[in-house]
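**Q** Next comes the structure file query03.txt, holding compact mmCIF, C-alpha atoms.
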```txt
# COMPACT_ATOMS: atom_id res chain seq x y z
CA MET A 1 39.61 -53.30 40.25
CA PRO A 2 38.01 -56.64 39.23
CA VAL A 3 36.69 -57.18 35.73
CA PRO A 4 33.22 -58.82 35.81
CA THR A 5 32.57 -61.84 33.64
CA LEU A 6 30.42 -60.95 30.68
CA PRO A 7 27.45 -63.35 30.42
CA ARG A 8 26.63 -64.67 26.98
CA GLY A 9 23.38 -65.57 25.32
CA ARG A 10 21.48 -62.71 26.98
CA GLY A 11 20.28 -60.95 23.83
CA HIS A 12 21.65 -57.46 23.24
CA ILE A 13 25.27 -56.95 24.21
CA HIS A 14 24.49 -53.88 26.32
CA THR A 15 22.10 -56.03 28.40
CA SER A 16 24.91 -58.50 29.07
CA ILE A 17 27.25 -55.68 30.06
CA ALA A 18 24.64 -54.22 32.42
CA GLU A 19 24.16 -57.64 34.02
CA ALA A 20 27.89 -58.19 34.48
CA ILE A 21 28.47 -54.81 36.12
CA GLY A 22 25.17 -54.83 38.04
CA ARG A 23 25.73 -58.28 39.49
CA SER A 24 29.24 -57.26 40.60
CA ILE A 25 27.85 -54.16 42.32
CA VAL A 26 25.08 -56.00 44.14
CA GLN A 27 27.42 -58.82 45.18
CA GLY A 28 29.81 -56.35 46.78
CA GLU A 29 32.72 -56.32 44.34
CA PHE A 30 32.10 -52.59 43.80
CA PRO A 31 30.96 -51.20 47.18
CA PRO A 32 28.75 -48.09 47.44
CA GLY A 33 30.76 -44.96 46.75
CA THR A 34 33.13 -46.70 44.33
CA ILE A 35 34.01 -44.74 41.20
CA LEU A 36 33.67 -47.21 38.36
CA PRO A 37 36.00 -47.44 35.34
CA ASN A 38 35.17 -45.08 32.49
CA GLU A 39 33.51 -46.12 29.23
CA ALA A 40 36.83 -46.60 27.44
CA LYS A 41 38.12 -48.95 30.15
CA TRP A 42 34.93 -51.05 30.18
CA ALA A 43 34.93 -51.18 26.39
CA ALA A 44 38.52 -52.45 26.37
CA ASP A 45 37.91 -54.97 29.16
CA PHE A 46 34.76 -56.39 27.59
CA LYS A 47 36.00 -55.97 24.00
CA VAL A 48 32.85 -54.10 23.02
CA SER A 49 32.01 -50.66 21.65
CA ARG A 50 31.79 -47.62 23.91
CA SER A 51 28.21 -47.09 22.74
CA ALA A 52 27.27 -50.54 24.12
CA VAL A 53 28.84 -49.61 27.45
CA ARG A 54 26.99 -46.30 27.41
CA GLU A 55 23.66 -48.09 26.98
CA ALA A 56 24.53 -50.49 29.80
CA ILE A 57 25.31 -47.57 32.11
CA LYS A 58 21.89 -46.08 31.33
CA ILE A 59 20.24 -49.37 32.35
CA LEU A 60 22.10 -49.40 35.69
CA MET A 61 21.25 -45.76 36.32
CA ALA A 62 17.56 -46.54 35.75
CA LYS A 63 17.86 -49.23 38.44
CA ASN A 64 19.45 -46.66 40.80
CA LEU A 65 22.60 -48.77 41.16
CA ILE A 66 24.86 -46.00 39.90
CA VAL A 67 24.82 -42.27 39.34
CA SER A 68 26.84 -40.59 36.60
CA ARG A 69 28.30 -37.11 36.88
CA PRO A 70 30.29 -35.10 34.29
CA LYS A 71 34.06 -35.10 34.97
CA ILE A 72 33.56 -37.60 37.80
CA GLY A 73 32.19 -40.66 36.07
CA SER A 74 29.89 -43.35 37.37
CA ARG A 75 29.67 -43.89 41.11
CA VAL A 76 27.95 -46.78 42.88
CA GLU A 77 24.91 -45.54 44.79
CA SER A 78 24.24 -46.34 48.45
CA LYS A 79 22.25 -49.52 48.98
CA ASP A 80 19.17 -47.69 50.22
CA ARG A 81 18.88 -46.13 46.76
CA TRP A 82 18.88 -49.42 44.84
CA SER A 83 15.61 -50.42 43.16
CA LEU A 84 15.26 -53.71 45.04
CA LEU A 85 11.84 -54.34 43.49
CA ASP A 86 13.45 -54.41 40.06
CA HIS A 87 13.41 -57.95 38.63
CA ASP A 88 17.12 -57.96 37.73
CA VAL A 89 18.33 -56.33 40.95
CA LEU A 90 16.37 -58.84 43.02
CA SER A 91 17.83 -61.72 41.06
CA TRP A 92 21.40 -60.43 41.47
CA TYR A 93 20.93 -59.64 45.15
CA ALA A 94 19.62 -63.14 45.87
CA THR A 95 23.03 -64.60 44.99
CA SER A 96 25.10 -62.05 46.92
CA PRO A 97 27.25 -62.82 49.99
CA GLU A 98 24.43 -61.25 52.01
CA ARG A 99 22.08 -63.98 50.88
CA ALA A 100 21.10 -64.94 54.44
CA GLY A 101 19.90 -61.43 55.16
CA PHE A 102 18.10 -61.38 51.84
CA LEU A 103 16.24 -64.61 52.67
CA LYS A 104 15.19 -63.22 56.04
CA SER A 105 13.89 -60.01 54.46
CA LEU A 106 12.08 -62.04 51.84
CA GLN A 107 10.39 -64.20 54.44
CA GLN A 108 9.33 -61.13 56.41
CA PHE A 109 7.79 -59.71 53.27
CA ARG A 110 5.93 -62.95 52.62
CA HIS A 111 4.51 -62.99 56.15
CA ILE A 112 3.18 -59.47 55.63
CA VAL A 113 1.61 -60.06 52.20
CA GLU A 114 0.80 -63.68 51.39
CA PRO A 115 -1.59 -64.76 54.18
CA GLU A 116 -3.89 -61.82 53.48
CA ALA A 117 -3.59 -62.29 49.73
CA ALA A 118 -4.76 -65.90 50.16
CA ALA A 119 -7.63 -64.78 52.38
CA LEU A 120 -8.72 -62.28 49.73
CA ALA A 121 -8.38 -64.94 47.03
CA ALA A 122 -10.66 -67.28 49.01
CA GLN A 123 -13.23 -64.52 49.15
CA TYR A 124 -13.02 -62.95 45.70
CA ARG A 125 -11.42 -65.42 43.27
CA SER A 126 -13.16 -66.28 40.01
CA GLU A 127 -13.51 -69.80 38.63
CA ALA A 128 -10.87 -69.04 36.01
CA GLN A 129 -8.47 -67.79 38.67
CA MET A 130 -9.15 -70.86 40.78
CA HIS A 131 -8.31 -73.03 37.81
CA GLU A 132 -4.90 -71.31 37.53
CA ILE A 133 -4.17 -71.93 41.21
CA SER A 134 -5.26 -75.57 41.05
CA ALA A 135 -3.34 -76.23 37.83
CA ALA A 136 -0.12 -74.81 39.29
CA CYS A 137 -0.56 -76.88 42.44
CA HIS A 138 -1.09 -80.02 40.36
CA ASP A 139 1.96 -79.23 38.22
CA MET A 140 4.07 -78.90 41.37
CA ALA A 141 3.06 -82.38 42.48
CA THR A 142 3.78 -83.97 39.10
CA ALA A 143 6.83 -81.96 38.03
CA PRO A 144 9.59 -84.25 36.66
CA THR A 145 12.47 -81.90 37.50
CA LEU A 146 13.51 -79.34 40.11
CA SER A 147 13.25 -76.58 37.52
CA ASP A 148 9.70 -77.57 36.56
CA ARG A 149 8.66 -77.78 40.20
CA THR A 150 10.12 -74.37 40.99
CA LYS A 151 8.36 -72.76 38.02
CA ALA A 152 5.05 -74.29 39.07
CA ASP A 153 5.61 -73.11 42.65
CA VAL A 154 6.18 -69.54 41.46
CA ARG A 155 3.04 -69.78 39.26
CA PHE A 156 1.04 -70.97 42.26
CA HIS A 157 1.93 -67.95 44.39
CA LEU A 158 1.52 -65.50 41.50
CA ALA A 159 -1.92 -66.94 40.78
CA ILE A 160 -2.97 -66.37 44.39
CA LEU A 161 -1.85 -62.75 44.23
CA LYS A 162 -3.89 -62.26 41.04
CA ALA A 163 -6.90 -64.04 42.55
CA SER A 164 -6.92 -61.56 45.45
CA ASN A 165 -8.29 -59.12 42.86
CA ASN A 166 -6.46 -56.30 44.62
CA GLU A 167 -4.67 -54.26 42.00
CA LEU A 168 -2.06 -53.03 44.50
CA LEU A 169 -1.05 -56.58 45.44
CA VAL A 170 -0.51 -57.81 41.90
CA PRO A 171 2.68 -55.74 41.28
CA MET A 172 4.21 -57.49 44.29
CA GLY A 173 4.42 -60.49 41.98
CA VAL A 174 7.75 -59.16 40.74
CA ILE A 175 9.24 -60.26 44.06
CA ILE A 176 7.74 -63.73 43.77
CA ASP A 177 8.69 -64.02 40.12
CA SER A 178 12.38 -63.34 40.75
CA ALA A 179 13.35 -63.48 44.41
CA LEU A 180 11.14 -66.35 45.52
CA ASP A 181 12.55 -68.41 42.69
CA ASN A 182 15.88 -68.37 44.53
CA LEU A 183 14.25 -69.24 47.85
CA PHE A 184 12.31 -72.15 46.37
CA VAL A 185 15.43 -73.59 44.76
CA PHE A 186 17.32 -73.27 48.04
CA ILE A 187 14.58 -75.10 49.93
CA THR A 188 13.72 -77.74 47.37
CA ARG A 189 17.30 -78.77 46.66
CA GLU A 190 17.99 -79.73 50.25
CA ALA A 191 14.64 -80.76 51.68
CA ASN A 192 13.79 -84.42 52.09
CA ASP A 193 10.15 -83.73 52.86
CA LEU A 194 8.75 -82.73 49.48
CA HIS A 195 5.56 -84.66 50.18
CA PHE A 196 4.96 -82.61 53.33
CA ALA A 197 5.66 -79.38 51.46
CA GLN A 198 3.21 -80.46 48.76
CA ASP A 199 0.58 -81.17 51.41
CA LEU A 200 1.00 -77.62 52.70
CA HIS A 201 0.40 -76.23 49.21
CA ASN A 202 -2.55 -78.57 48.67
CA ASN A 203 -4.09 -77.25 51.88
CA ILE A 204 -3.81 -73.68 50.64
CA GLU A 205 -5.40 -74.63 47.32
CA ARG A 206 -8.24 -76.50 49.05
CA ASN A 207 -9.12 -73.63 51.40
CA ILE A 208 -9.17 -71.10 48.58
CA ARG A 209 -11.28 -73.45 46.45
CA LEU A 210 -13.77 -73.96 49.31
CA ARG A 211 -13.78 -70.20 49.97
CA LYS A 212 -12.58 -70.66 53.56
CA VAL A 213 -11.08 -67.25 54.25
CA GLN A 214 -9.54 -67.93 57.66
CA GLY A 215 -8.48 -71.41 56.59
CA ALA A 216 -6.59 -69.99 53.60
CA ARG A 217 -4.89 -67.43 55.80
CA LEU A 218 -3.77 -70.04 58.33
CA ALA A 219 -2.70 -72.49 55.62
CA VAL A 220 -0.28 -69.93 54.18
CA LYS A 221 1.07 -69.14 57.64
CA ARG A 222 1.81 -72.84 58.14
CA LEU A 223 3.68 -72.95 54.83
CA LEU A 224 5.70 -69.88 55.77
CA LYS A 225 6.59 -71.32 59.17
CA HIS A 226 7.80 -74.46 57.43
CA SER A 227 10.04 -72.32 55.18
CA ASP A 228 11.30 -70.31 58.16
CA ASP A 229 12.21 -73.45 60.07
CA PHE A 230 13.98 -74.97 57.10
CA ILE A 231 16.03 -71.86 56.39
CA ARG A 232 17.00 -71.58 60.04
CA ARG A 233 18.18 -75.20 60.15
CA HIS A 234 20.23 -75.07 56.96
CA LEU A 235 21.93 -71.69 57.15
CA PRO A 236 25.30 -71.47 58.93
CA ALA A 237 24.86 -70.60 62.61
CA SER A 238 26.57 -67.23 62.09
CA GLN A 239 23.95 -66.25 59.49
CA ARG A 240 20.74 -67.27 61.29
```
I'd like the structure from this file rewritten - as structure tokens, please.

**A**
Amino acid sequence: MPVPTLPRGRGHIHTSIAEAIGRSIVQGEFPPGTILPNEAKWAADFKVSRSAVREAIKILMAKNLIVSRPKIGSRVESKDRWSLLDHDVLSWYATSPERAGFLKSLQQFRHIVEPEAAALAAQYRSEAQMHEISAACHDMATAPTLSDRTKADVRFHLAILKASNNELLVPMGVIIDSALDNLFVFITREANDLHFAQDLHNNIERNIRLRKVQGARLAVKRLLKHSDDFIRRHLPASQR
């Protein structure tokens, strides 16, 4: 059974252990139904205390990645049990071998949520909320690095969700905050049309600022179509 690499610089050691095991589960190294090594084995492999492993197991149980039973040990849960809206699980899943399927699911989610969120933002946003949207859009255009641009892009979409003033939409920001980060990096790294992509974001910002409800909705749909087309062109044919 493979021994996951223990990430460093993640704060508490049990958090690093949870990330190492959790990432391995989500990326398929420990398929659903697998009985994982016991605490003593993990402790020896990672060169940590059993109490640190125990705390890591509790974290993974809370994310529904594993279930622990007396005399049986920890077993990987079926995928339909995983807490895919958990920030960490989303981040790990986005780098799995099933990344193509993940991107498709992500885009489907965005088509369901983001056009209507933008329409609501155009109707109900405050001046302060509009300032957040405009500032993020400006920061995207002037970002000196890929990392800065990606962070501004995430801020832009989060700000629109908040500006919808719908309290049930705001928690969906966890998906944008973690999963969309991976999508944006994938798109931005390979695209040669950053100016066009920026124009699409500018159009969203402008329609929300001018309180054009239908215009905001359509502007987001155009951005999503652009993302769909790019993903389709750059994924291997077998994964489209």

**Q** I'd like to know which of A:Ile25, A:Ala122, A:Ala52, A:Leu65 is closest to Thr95 (chain A), using only C-alpha atoms.

**A** A:Ile25

**Q** So how many Å separate CA of Gly215 (chain A) and CA of Asn203 (chain A), to one decimal?

**A**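 If I compute the distance from CA of Gly215 (chain A) to CA of Asn203 (chain A), I get 8.7 Å.
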
**Q** So how many Å separate CA of Lys79 (chain A) and CA of Met61 (chain A), to one decimal?

**A**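 CA of Met61 (chain A) lies at a distance of 13.2 Å from CA of Lys79 (chain A).
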
**Q** For a test of reading the model, state the distance in Å between CA of Arg125 (chain A) and CA of Ile175 (chain A), rounded to one decimal.

**A**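 Between CA of Arg125 (chain A) and CA of Ile175 (chain A) the gap works out to 21.3 Å.
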
**Q** What's around Asn166 (chain A) at 10 Å? Count only C-alpha atoms, leave out sequence neighbours fewer than 3 positions away in its own chain, and write the answer as a list of chain:residue names.

**A**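 Near neighbours after the sequence-gap exclusion: A:Ala117, A:Leu120, A:Ala121, A:Tyr124, A:Leu161, A:Lys162, A:Ala163, A:Leu169, A:Val170, A:Pro171.
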
**Q** Is there a way to get, as a PyMOL selection string, all residues within 12 Å of the point (33.5, -38.4, 36.8) in file coordinates, counting all atoms listed in the file?

**A** chain A and resi 34-39+66-76

**Q** Under the rule that only C-alpha atoms are counted, which of A:Ala197, A:Leu168, A:Leu158, A:Val174 is the nearest residue to Leu85 (chain A)?

**A**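 Smallest distance to Leu85 (chain A) is found for A:Val174.
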
**Q** Can you work out which one of A:Glu116, A:Ser78, A:Lys104, A:His87 has the shortest atom-to-atom distance to Phe30 (chain A), counting all atoms listed in the file?

**A**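 Among the listed residues, A:Ser78 lies closest to Phe30 (chain A).
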
**Q** Pick out the closest residue to Lys63 (chain A) from this set: A:Val89, A:Met130, A:Val48, A:Val26. Count all atoms listed in the file.

**A**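 Going through A:Val89, A:Met130, A:Val48, A:Val26 one by one, the smallest distance to Lys63 (chain A) is for A:Val89.
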
**Q** At a cut-off of 9 Å, using all atoms listed in the file, what residues contact Gly22 (chain A)? Leave out same-chain residues fewer than 5 positions from it and give the result as a ChimeraX atom specification.

**A** /A:17,27,60,65,88-89,92

**Q** Leaving out Ala152 (chain A) and any residue of its chain fewer than 2 positions from it, which residues lie within 10 Å of it when counting only C-alpha atoms, given as an NGL selection string?

**A** :A and (133 or 135-143 or 146-150 or 154-158)

**Q** Write to file, as a PDB file, in the frame of the given file, the residues of the selection just made, with C-alpha atoms.

**A**
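Output below, filename selection37.pdb:
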```
ATOM      1  CA  ILE A 133      -4.170 -71.930  41.210  1.00  0.00           C
ATOM      2  CA  ALA A 135      -3.340 -76.230  37.830  1.00  0.00           C
ATOM      3  CA  ALA A 136      -0.120 -74.810  39.290  1.00  0.00           C
ATOM      4  CA  CYS A 137      -0.560 -76.880  42.440  1.00  0.00           C
ATOM      5  CA  HIS A 138      -1.090 -80.020  40.360  1.00  0.00           C
ATOM      6  CA  ASP A 139       1.960 -79.230  38.220  1.00  0.00           C
ATOM      7  CA  MET A 140       4.070 -78.900  41.370  1.00  0.00           C
ATOM      8  CA  ALA A 141       3.060 -82.380  42.480  1.00  0.00           C
ATOM      9  CA  THR A 142       3.780 -83.970  39.100  1.00  0.00           C
ATOM     10  CA  ALA A 143       6.830 -81.960  38.030  1.00  0.00           C
ATOM     11  CA  LEU A 146      13.510 -79.340  40.110  1.00  0.00           C
ATOM     12  CA  SER A 147      13.250 -76.580  37.520  1.00  0.00           C
ATOM     13  CA  ASP A 148       9.700 -77.570  36.560  1.00  0.00           C
ATOM     14  CA  ARG A 149       8.660 -77.780  40.200  1.00  0.00           C
ATOM     15  CA  THR A 150      10.120 -74.370  40.990  1.00  0.00           C
ATOM     16  CA  VAL A 154       6.180 -69.540  41.460  1.00  0.00           C
ATOM     17  CA  ARG A 155       3.040 -69.780  39.260  1.00  0.00           C
ATOM     18  CA  PHE A 156       1.040 -70.970  42.260  1.00  0.00           C
ATOM     19  CA  HIS A 157       1.930 -67.950  44.390  1.00  0.00           C
ATOM     20  CA  LEU A 158       1.520 -65.500  41.500  1.00  0.00           C
TER      21      LEU A 158
END
```

**Q** Taking all atoms of region 88-99 of chain A that appear in the file, build a box with edges along x, y and z, extend it by 6 Å on every side, and state its centre and edge lengths in Å to one decimal, as lines of an AutoDock Vina configuration file.

**A**
```
center_x = 21.8
center_y = -60.5
center_z = 44.9
size_x = 22.9
size_y = 20.3
size_z = 26.3
```

**Q** When you count only C-alpha atoms, which of these residues is closest to Asp153 (chain A): A:Asn165, A:Asn202, A:Gln214, A:Ser96?

**A** A:Asn202

**Q** Only N, CA, C and O atoms needed: put region 84-98 of chain A from the block into a file as a compact mmCIF listing (two decimals), in the first residue's frame.

**A**
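Result saved to result12.txt:
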```
# COMPACT_ATOMS: atom_id res chain seq x y z
N LEU A 84 -18.07 16.89 -0.82
CA LEU A 84 -17.42 17.58 -1.94
C LEU A 84 -17.52 19.10 -1.85
O LEU A 84 -16.86 19.80 -2.61
N LEU A 85 -18.36 19.60 -0.95
CA LEU A 85 -18.41 21.05 -0.76
C LEU A 85 -17.43 21.51 0.32
O LEU A 85 -17.35 22.70 0.61
N ASP A 86 -16.70 20.57 0.87
CA ASP A 86 -15.64 20.92 1.83
C ASP A 86 -14.47 21.53 1.07
O ASP A 86 -14.05 21.03 0.02
N HIS A 87 -13.92 22.62 1.59
CA HIS A 87 -12.84 23.35 0.93
C HIS A 87 -11.67 22.43 0.59
O HIS A 87 -11.16 22.44 -0.54
N ASP A 88 -11.22 21.63 1.55
CA ASP A 88 -10.06 20.76 1.32
C ASP A 88 -10.38 19.66 0.31
O ASP A 88 -9.57 19.38 -0.59
N VAL A 89 -11.53 19.01 0.47
CA VAL A 89 -11.88 17.92 -0.44
C VAL A 89 -11.97 18.42 -1.87
O VAL A 89 -11.50 17.77 -2.80
N LEU A 90 -12.57 19.59 -2.06
CA LEU A 90 -12.65 20.17 -3.40
C LEU A 90 -11.26 20.40 -3.98
O LEU A 90 -10.99 20.08 -5.13
N SER A 91 -10.38 20.94 -3.16
CA SER A 91 -9.03 21.24 -3.62
C SER A 91 -8.29 19.96 -4.01
O SER A 91 -7.62 19.90 -5.03
N TRP A 92 -8.43 18.90 -3.21
CA TRP A 92 -7.77 17.64 -3.51
C TRP A 92 -8.38 16.99 -4.75
O TRP A 92 -7.67 16.46 -5.60
N TYR A 93 -9.69 17.05 -4.87
CA TYR A 93 -10.38 16.42 -5.99
C TYR A 93 -10.03 17.09 -7.31
O TYR A 93 -9.98 16.45 -8.35
N ALA A 94 -9.76 18.39 -7.27
CA ALA A 94 -9.46 19.14 -8.49
C ALA A 94 -8.15 18.71 -9.13
O ALA A 94 -7.91 18.99 -10.30
N THR A 95 -7.29 18.02 -8.38
CA THR A 95 -6.01 17.58 -8.93
C THR A 95 -5.98 16.06 -9.12
O THR A 95 -4.91 15.49 -9.32
N SER A 96 -7.14 15.42 -9.07
CA SER A 96 -7.20 13.96 -9.19
C SER A 96 -7.14 13.55 -10.66
O SER A 96 -7.29 14.37 -11.56
N PRO A 97 -6.92 12.25 -10.92
CA PRO A 97 -6.93 11.77 -12.31
C PRO A 97 -8.27 12.00 -13.00
O PRO A 97 -8.34 11.97 -14.23
N GLU A 98 -9.33 12.21 -12.22
CA GLU A 98 -10.64 12.46 -12.78
C GLU A 98 -10.89 13.96 -12.97
O GLU A 98 -12.02 14.43 -12.94
```
